[in-house]
Every structure is written in C-alpha cells, then in structure tokens.
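**Q** My questions all concern the structure below.
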Amino acid sequence: MARDSQAALVALNRFGFGARGGASGDLVNAASDPRGFVKSELSRPSGVLLEVPGLQSTPALARAAFEYQEQVKLAREAAAKAGAPPSDSAPPQAAQPAGDMQRRNLSLSTVATDIAGKSPEMKAAETSGANAGMTAADAMQPNAAMAPNAAMQPNAAKPPQQPLNIIQKTFRAEALARLQRTVLADCGFSERLVAFWSNHFCISANKGELARMWAGSFEREAIRPHVLGRFADMLKAVEQHPAMLFFLDNQQSLGPDSRAGQNRKRGLNENLAREIMELHTLGVGGGYTQEDVTSLARIITGWTFAGRQGQLGAPGSFVFNANAHQPGPQALLGKTYEAGGISQGEAALADIARHPSTAKFIATKFARHFVADDPPPALVARLQDTFTKTDGDLKALTLALVDSDEAWAAPLTKMRRPYAFLVAAGRLQARVPDDPGPYLNGLNVLGQPLWSPAGPNGFPDTNAAWAAPEGMKLRLDLSAQLASRIGNTIDPCRPA
C-alpha cells in the first residue's frame with residue numbers, strides 16, 4: 001500500500017496530538033493506513049478509562065477534603081484563642097486562580113526547559129543562584145501572584161515554600177495521570193475525545209476547594225466511561241456528578257413548595273437547568289423558553305451530594321433529597337412529566353438528549369472542534385443524522401467523522417489550543433512527564449489553565465480566540481526556547 005504523508009499529517013494533527021519523537025514510527029504507521037491508524041484506538045474502549053493507582057473516587061476525595069478543612073478550622077481557632085496571628089504551620093490554602101500579574105511573571109524559558117529537558121551545556125553552566133523569573137513550582141504556590149517584584153530579582157532570598165496540601169497534591173496527581181496518558185498514546189484520538197467532551201461538560205477548579213479536588217475525578221467518572229458510549233448516559237452521569245452539582249450550585253436549589261423550601265424560605269437556583277439546555281444539549285436557539293428553564297430547575301430540585309456529616313449518604317456521593325424536591329407534575333418542552341422523584345428528572349434528561357436540537361448542536365460543535373471553525377454543512381448534516389439514528393451513539397458519531405471525506409480534505413487551518421500545543425511539544429521530545437508543574441505553568445502562561453475555564457461555556461474552540469498577537473508571540477517565544485534546548489537531539493530528516 002502506498003504511503004500518504006499528507007493524510008498522515010491529518011491523522012496525527014487533526015485527530016491526534018501530533019507524532020511522538022524517538023523510534024515511535026508514528027508518521028510511517030499513519031502514512032501506511034491513515035484512517036485505520038486513527039480508528040485503532042477506538043477498538044479499545046477500556047483504553048479511554050484512566051485507572052491509575054492512587055487516584056481516588058469522588059466520595060473518598062470528599063472525605064479527605066472535609067478532613068483537611070476541619071484541620072484548617074481547628075488551627076485557626078487555636079491561633080485565635082492564643083491571641084496570635086494565624087500560624088505558619090497551619091495547613092496552606094488551595095492554590096488561587098492565576099491572574100494577569102502571575103501570567104506576566106511566569107518564565108517561558110523555565111517552561112521550555114522543564115518540558116524539553118536541559119542540555120548538557122546548560123546543566124554545566126547552571127548555578128544555584130542563577131534562576132531568574134518564576135519557576136513552575138513557584139507558579140503552583142498559593143501566593144505566587146502576590147510577589148511579582150521578588151520574582152524579578154535573581155538574588156532575592158526566597159521564602160521557604162509551604163508544603164502542598166491535600167487539595168493541591170490531588171489536583172497535580174490527576175493532572176499528571178492525564179498528561180502521561182496523552183503523551184504516551186499512539187495517536188491520541190481517544191484523549192482528544194476526552195478533552196472535547198470534558199470541555200463541553202466543563203466545571204472549573206477555581207470554583208472552590210471541592211471543585212479543585214474533584215476536577216480530575218469528574219473527568220474520570222462522568223466523561224471517560226461514556227466517550228464511546230451513549231450521549232444520554234454521559235449527560236446523566238455529568239448532571240448527577242457532585243462536581244457539576246457543586247459547580248452550578250444545584251445543592252442550593254430548593255423546590256418552593258418542598259418541605260425544605262417552606263422551612264428555609266428559599267427557592268430555585270436555575271444555574272444547572274439553564275446550562276443543561278443552553279450549553280450541554282439544545283443550544284442557544286434550540287427551541288426552549290425561560291419557562292422551560294424554570295420547569296427543568298423544579299424537576300431537578302433535590303439532586304445534590306451528601307455533605308460532611310453524611311446525613312443523606314456517604315459524604316461526596318450523589319443523593320436525591322426528597323425533602324428539597326418540588327412536588328407535582330411539571331411541563332417541559334411541550335410534555336408533562338408526572339411526579340416521580342428522581343425518575344422525573346432522569347426521564348426529562350433522556351428526552352432532551354434525543355431532541356433534534358441536541359443532535360444539531362452536538363454535530364456542529366463536534367465538527368467545529370476537529371475540522372473547521374465553519375464546518376462543511378454536508379458533514380454537519382451527516383453527523384446530525386448519525387446521532388439521531390443511533391440514539392446518540394458517540395462511537396458511531398466519531399466513526400462517521402473519521403469516515404467522512406470532508407474531515408480529510410479540509411485544510412489544516414485549525415489552531416491547536418494551548419493544551420494540545422504543549423502536549424504536542426512534549427510528545428515530540430519522547431519524554432514522559434514526571435511532574436505536571438511545567439505543563440500547568442505553560443497552560444497558565446498561554447491562557448488555558450487546566451480544568452479552569454472562566455465560565456460554564458468552557459474554553460473557546462475557534463481560531464480567533466487563540467490567534468491574538470500576544471498569544472501568538474507567546475507561542476513563538478516558547479517554540480524558540482524549546483528548539484534551542486532540543487539542539488541536535490532530534491534529526492528532522494528521520495521519520496518519527
């Protein structure tokens with residue numbers, strides 16, 4: 001079979017995370033059978049799962065977070081009773097979101113060095129006091145953004161770094177497991193799918209300590225098991241996951257006529273219901289009204305997670321609180337859902353997942369992510385038809401994309417988002433990351449902090465969002481730094 005080098009580039013870059021360096025043979029394998037190379041990962045559904053020793057379930061992480069928070073509380077109370085300022089030995093707080101000042105002070109040279117590795121010449125010339133700018137480890141510290149002047153002074157004495165707390169350790173362990181899987185993958189198509197769906201159903205680790213603790217487990221438990229399954233199953237898993245309920249405040253939503261609503265004089269919180277319809281399924285202009293949003297909010301009252309006391313269930317587990325649920329039937333999108341507790345909401349989600357507007361919205365977004373900002377209408381129509389006829393079978397949707405001629409003929413004009421850009425650089429080095437810091441640092445520099453979008457709509461997926469002059473300059477600078485550190489370690493004439 002003749003090798004198709006152009007199709008190999010499409011396979012590795014449109015569908016994957018780029019070729020691995022070293023003796024991987026990715027370009028040769030992809031050129032021999034481009035479509036088969038991409039599809040090969042789809043034949044291993046369990047390969048999408050991320051089961052790594054040490055990564056814990058959401059309830060187990062909740063218990064650890066609650067214990068940590070109690071330790072912080074006791075330490076502060078003890079300090080207050082002693083009339084002393086908060087002790088430096090008290091457990092440090094979770095890392096704060098990176099701000100503009102922090103981004104300006106992060107060192108591109110440090111990012112490049114840590115991802116590419118130091119050359120022998122650099123190692124020989126390096127001295128203990130020669131580091132200027134902020135290191136990747138500095139960037140992960142809670143107060144990194146608060147001392148910009150110190151970061152710019154090479155000879156300034158650095159205060160001792162606080163040990164990472166359980167929330168920071170968990171976030172970094174989850175990040176490292178994800179990065180290692182992505183860097184090691186043959187093509188990376190499955191991991192691209194995970195990244196797409198994780199961004200579609202995004203939460204933000206910046207919401208609070210529980211969100212940061214649960215960001216990785218949310219992806220492992222609600223996204224990965226369903227990437228090649230049914231959309232309706234993923235939708236249910238996402239909306240019932242404690243991380244999503246916490247992110248969009250559904251634990252605060254009480255049916256106005258429920259027992260809890262009457263006792264506490266509180267009512268609905270429509271955040272989750274609105275984002276289910278606007279961002280997760282039907283899309284803007286998908287045929288729903290504000291009355292539908294309010295009705296869905298009533299239907300999913302009582303969907304919450306057990307707190308630290310465990311009165312409703314194991315702390316950190318999804319539970320249905322009947323005392324918070326709005327009683328009675330509810331009308332939604334022209335259909336009446338009879339009272340039925342949790343089953344009322346599950347029936348509503350199942351119908352929304354099958355709605356024609358959902359099929360169109362998902363097909364368009366899927367094609368936009370992989371093919372073009374303005375995807376070919378014929379491709380979108382074919383994906384929409386596949387989604388509808390297969391009852392939202394995501395593997396069938398994915399195969400329809402790979403089998404389409406449009407996906408292989410369209411020019412390679414899509415810009416990599418920062419995560420894909422940095423992972424592609426790491427894959428080229430053929431270096432398995434053993435520390436997530438350099439990547440987390442780089443993502444902060446480039447504007448896509450891991451699992452931390454600014455809002456529930458996730459990170460943007462169009463070139464315009466990432467092609468601003470400042471962003472392009474940062475990428476070029478980082479690429480130049482990487483190239484200078486690679487030196488002669490890679491032969492550009494040797495196929496990967």
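By order in the structure tokens, chains are A, B, ...; within a chain, residues start at 1; ligands start at 1, following the order shown.
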Can you check which residues of region 227-476 of chain A DSSP gives as alpha helix (DSSP H) on the backbone and send them as a PyMOL selection string?
**A** chain A and resi 231-239+242-247+259-264+271-275+290-299+342-353+356-370+377-389+394-403+405-409+418-429+437-446+463-466+469-476
**Q** CA of Leu245 (chain A) and CA of Gln71 (chain A), how far apart in Å?
**A**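 Between these atoms lies a distance of 25.0 Å.
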**Q** DSSP on the backbone, then: every residue of region 191-425 of chain A marked strand (DSSP E or B), written as a ChimeraX atom specification.
**A** /A:230,303-305,318-320,330-332,335-337,393
**Q** Could you write out that same residue set with C-alpha atoms as a PDB file, in the first residue's frame?
**A**
```
ATOM      1  CA  ARG A 230     -24.302   6.941  24.544  1.00  0.00           C
ATOM      2  CA  TRP A 303     -30.339  16.485  43.083  1.00  0.00           C
ATOM      3  CA  THR A 304     -27.437  17.099  45.426  1.00  0.00           C
ATOM      4  CA  PHE A 305     -24.483  15.442  47.136  1.00  0.00           C
ATOM      5  CA  PHE A 318     -24.745  11.862  44.667  1.00  0.00           C
ATOM      6  CA  VAL A 319     -28.035  11.702  46.554  1.00  0.00           C
ATOM      7  CA  PHE A 320     -31.641  12.608  45.909  1.00  0.00           C
ATOM      8  CA  GLN A 330     -44.049  19.601  35.506  1.00  0.00           C
ATOM      9  CA  ALA A 331     -44.458  20.705  31.874  1.00  0.00           C
ATOM     10  CA  LEU A 332     -41.238  20.819  29.845  1.00  0.00           C
ATOM     11  CA  LYS A 335     -44.525  17.346  27.541  1.00  0.00           C
ATOM     12  CA  THR A 336     -45.798  16.757  31.060  1.00  0.00           C
ATOM     13  CA  TYR A 337     -43.604  14.764  33.438  1.00  0.00           C
ATOM     14  CA  ASP A 393     -24.169   6.602  19.982  1.00  0.00           C
TER      15      ASP A 393
END
```
**Q** May I have the residues within 9 Å of region 461-471 of chain A as JSON, numbers by chain, using only C-alpha atoms and disregarding those fewer than 4 positions away in the same chain?
**A** {"A": [365, 368, 369, 372, 373, 413, 414, 415, 416, 417, 418, 446, 447, 475, 476]}
**Q** Report, in Å to a single decimal, how far apart CA of Pro163 (chain A) and CA of Lys73 (chain A) are.
**A**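 Computing the Euclidean distance for CA of Lys73 (chain A) and CA of Pro163 (chain A) yields 17.9 Å.
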**Q** Under the rule that only C-alpha atoms are counted, which of A:Leu12, A:Val38, A:Ala306, A:Leu440 is the nearest residue to Tyr419 (chain A)?
**A**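 Of A:Leu12, A:Val38, A:Ala306, A:Leu440, the one nearest Tyr419 (chain A) is A:Leu440, counting only C-alpha atoms.
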**Q** Taking into account only C-alpha atoms, which residue in the set A:Ser46, A:Asn321, A:Thr58, A:Gln6 is nearest to Pro34 (chain A)?
**A**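 With only C-alpha atoms as the atom set, the closest residue is A:Gln6.
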**Q** Could you tell me which of A:Lys81, A:Ala324, A:Lys360, A:Glu209 comes closest to Leu312 (chain A) if we count only C-alpha atoms?
**A**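 Under the stated criterion, the closest residue is A:Ala324.
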**Q** Need to verify the contact set: Val371 (chain A), 12 Å, only C-alpha atoms, exclusion of same-chain residues closer than 2 positions in sequence. Can you return it as a PyMOL selection string?
**A** chain A and resi 10-11+13-15+363-369+373-377+379-380+401-402+404-416+461-463
